[in-house]
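Let me begin by presenting the structure, written as structure tokens, before commenting on it.
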Amino acid sequence: MPHFAMVIDTKTCIGCTDCVDACRMENNVPEGLCYDWVVEITEGRYPELKTEFRSERCNHCSNATCVDACPTGASQYWNGSNIVVVDATRCTGCKACIAACPYDSRLIMEPQGYIGKCTFCVHRVQYGEDPACVATCPAHAMHFGLLDDPGSAVSRLLATRAHYVLAPETGNQPNVFYLR
């Protein structure tokens, strides 16, 4: 099974939100909705402040509770990989996957009523291209590739830099990693 991952360098990300705009345009996400977003976290006390920008989205978990929770099988893994997609033709909009997702990364596509989310741009990945957010990042803070390929950029970055994932305690095994 191909194991895809995204690595985001929080020291390089400038919080410009170009990734959000690229995703919205690439995936025709309706105005006011987004499949990814940028979080700004400031810690410390003046004058010793530290700010981190973090581009967040579906974490394409290896043990995705949203896939398990879907009663129709609409939430599923793409082509035997860990990329989680939603088949809009099978989705009833019951919201079980929304309740199961610890990353708050799913939304209701109105007026159709199906659930939408980041797909790591599988329509690009299947042709060997990076997701739109990665391809657009002006700071080159985002990286995408096969985690099971030791020569890939994501594998090399994770082997050489301290990193973390969001909500590891869920057991979902997220595949979006943040470099410290």
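Ligands are numbered from 1 in the order shown, residues from 1 within each chain, and chains are lettered A, B, ... in the order they appear in the structure tokens.
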What are the DSSP helix (DSSP H, G or I) residues of range 3-180 of chain A, as a PyMOL selection string?
-> chain A and resi 18-26+65-69+78-80+96-100+122-125+132-136+153-160+168-170
Find the residues near range 76-86 of chain A: any atom within 6 Å, counting only C-alpha atoms, skip ones fewer than 3 places away on the same chain, and give them as number ranges by chain.
-> A: 1-3, 60, 62, 67, 119
Let me see the file: selected residues, N, CA and C atoms, as a PDB file, in the first residue's frame.
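The result, stored in again14.pdb:
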ATOM      1  N   MET A   1       0.844  -1.177   0.000  1.00  0.00           N
ATOM      2  CA  MET A   1       0.000   0.000   0.000  1.00  0.00           C
ATOM      3  C   MET A   1       0.890   1.241   0.000  1.00  0.00           C
ATOM      4  N   PRO A   2       0.744   2.148  -0.970  1.00  0.00           N
ATOM      5  CA  PRO A   2       1.519   3.388  -0.945  1.00  0.00           C
ATOM      6  C   PRO A   2       1.146   4.216   0.281  1.00  0.00           C
ATOM      7  N   HIS A   3       2.141   4.770   0.924  1.00  0.00           N
ATOM      8  CA  HIS A   3       1.930   5.529   2.145  1.00  0.00           C
ATOM      9  C   HIS A   3       2.365   6.971   1.901  1.00  0.00           C
ATOM     10  N   HIS A  60      -5.253  12.486   6.569  1.00  0.00           N
ATOM     11  CA  HIS A  60      -5.140  11.254   5.783  1.00  0.00           C
ATOM     12  C   HIS A  60      -4.532  10.136   6.626  1.00  0.00           C
ATOM     13  N   SER A  62      -3.718   6.756   8.696  1.00  0.00           N
ATOM     14  CA  SER A  62      -3.589   5.334   8.356  1.00  0.00           C
ATOM     15  C   SER A  62      -4.662   4.501   9.046  1.00  0.00           C
ATOM     16  N   VAL A  67     -13.333   6.835   8.203  1.00  0.00           N
ATOM     17  CA  VAL A  67     -13.604   5.730   7.270  1.00  0.00           C
ATOM     18  C   VAL A  67     -14.397   4.645   7.985  1.00  0.00           C
ATOM     19  N   THR A 119      -8.344  16.066  -0.392  1.00  0.00           N
ATOM     20  CA  THR A 119      -8.065  14.741  -0.966  1.00  0.00           C
ATOM     21  C   THR A 119      -6.582  14.573  -1.283  1.00  0.00           C
TER      22      THR A 119
END
Name all residues at most 10 Å from Lys95 in chain A (count only C-alpha atoms; drop same-chain ones fewer than 6 positions away) and give them as number ranges by chain.
-> A: 66, 69-70, 106-108, 113-115
Could you pull the residues within 12 Å of range 37-39 of chain A, counting only C-alpha atoms, minus those fewer than 2 positions along the same chain, as a VMD selection string?
-> chain A and resid 8 10 13 to 24 32 to 35 41 to 42 51 to 58 103 to 105 117 to 118 133
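When only C-alpha atoms are used to compute distances to Ala135 in chain A, the closest of the residues A:Cys121, A:Val176, A:Ala99, A:Ala74 turns out to be A:Cys121.
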Near-Asp68 in chain A list (9 Å; only C-alpha atoms; drop same-chain fewer than 6 positions) as a PyMOL selection string = chain A and resi 75-76+97+100
Exercise: Asn175 in chain A partners within 8 Å, only C-alpha atoms, chain neighbours under 2 positions left out, as a PDB file with N, CA, C and O atoms, in the first residue's frame:
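Full text of part03.pdb as output:
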ATOM      1  N   PHE A   4       1.396   7.826   1.597  1.00  0.00           N
ATOM      2  CA  PHE A   4       1.666   9.228   1.299  1.00  0.00           C
ATOM      3  C   PHE A   4       1.699  10.054   2.577  1.00  0.00           C
ATOM      4  O   PHE A   4       1.009   9.739   3.550  1.00  0.00           O
ATOM      5  N   ALA A   5       2.494  11.114   2.556  1.00  0.00           N
ATOM      6  CA  ALA A   5       2.569  12.013   3.703  1.00  0.00           C
ATOM      7  C   ALA A   5       2.812  13.435   3.224  1.00  0.00           C
ATOM      8  O   ALA A   5       3.340  13.659   2.133  1.00  0.00           O
ATOM      9  N   MET A   6       2.410  14.365   4.068  1.00  0.00           N
ATOM     10  CA  MET A   6       2.712  15.771   3.843  1.00  0.00           C
ATOM     11  C   MET A   6       3.536  16.246   5.031  1.00  0.00           C
ATOM     12  O   MET A   6       3.241  15.891   6.175  1.00  0.00           O
ATOM     13  N   ASN A  59      -5.824  14.852   7.797  1.00  0.00           N
ATOM     14  CA  ASN A  59      -4.519  14.257   8.065  1.00  0.00           C
ATOM     15  C   ASN A  59      -4.312  12.918   7.363  1.00  0.00           C
ATOM     16  O   ASN A  59      -3.295  12.277   7.552  1.00  0.00           O
ATOM     17  N   HIS A  60      -5.253  12.486   6.569  1.00  0.00           N
ATOM     18  CA  HIS A  60      -5.140  11.254   5.783  1.00  0.00           C
ATOM     19  C   HIS A  60      -4.532  10.136   6.626  1.00  0.00           C
ATOM     20  O   HIS A  60      -3.502   9.555   6.298  1.00  0.00           O
ATOM     21  N   CYS A  61      -5.233   9.852   7.697  1.00  0.00           N
ATOM     22  CA  CYS A  61      -4.765   8.914   8.717  1.00  0.00           C
ATOM     23  C   CYS A  61      -4.688   7.475   8.207  1.00  0.00           C
ATOM     24  O   CYS A  61      -5.523   7.050   7.405  1.00  0.00           O
ATOM     25  N   SER A  62      -3.718   6.756   8.696  1.00  0.00           N
ATOM     26  CA  SER A  62      -3.589   5.334   8.356  1.00  0.00           C
ATOM     27  C   SER A  62      -4.662   4.501   9.046  1.00  0.00           C
ATOM     28  O   SER A  62      -4.999   3.413   8.597  1.00  0.00           O
ATOM     29  N   VAL A 165       2.864  15.482  15.136  1.00  0.00           N
ATOM     30  CA  VAL A 165       1.577  15.370  14.462  1.00  0.00           C
ATOM     31  C   VAL A 165       0.512  15.922  15.403  1.00  0.00           C
ATOM     32  O   VAL A 165       0.735  16.029  16.608  1.00  0.00           O
ATOM     33  N   GLN A 173      -3.211   7.675  13.620  1.00  0.00           N
ATOM     34  CA  GLN A 173      -1.962   7.634  12.849  1.00  0.00           C
ATOM     35  C   GLN A 173      -1.993   8.639  11.698  1.00  0.00           C
ATOM     36  O   GLN A 173      -1.976   8.273  10.520  1.00  0.00           O
ATOM     37  N   PHE A 177       2.691  15.889   8.922  1.00  0.00           N
ATOM     38  CA  PHE A 177       3.723  16.099   9.942  1.00  0.00           C
ATOM     39  C   PHE A 177       4.179  17.546   9.920  1.00  0.00           C
ATOM     40  O   PHE A 177       4.282  18.170   8.853  1.00  0.00           O
TER      41      PHE A 177
END
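When only C-alpha atoms are used to measure the gap to Gly171 in chain A, the shortest distance among A:Ala64, A:Leu49, A:Leu146, A:Leu158 belongs to A:Ala64.
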Using backbone DSSP assignments, extract all strand (DSSP E or B) residues from range 9-177 of chain A; output them as a VMD selection string.
-> chain A and resid 9 37 to 45 48 to 56 75 to 77 84 to 86 107 to 109 114 to 116 142 to 146 163 to 164 176 to 177
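Going from CA of Pro111 in chain A over to CA of Ala96 in chain A, you cover 18.5 Å.
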Contacts of Glu129 in chain A within 12 Å, only C-alpha atoms, excl. fewer than 5 positions in-chain, as number ranges by chain = A: 120-124, 134-136, 143-145
Find, counting only C-alpha atoms, the residue in A:Ala139, A:Met109, A:Asn172, A:Ala153 that gets nearest to Lys11 in chain A.
-> A:Ala139
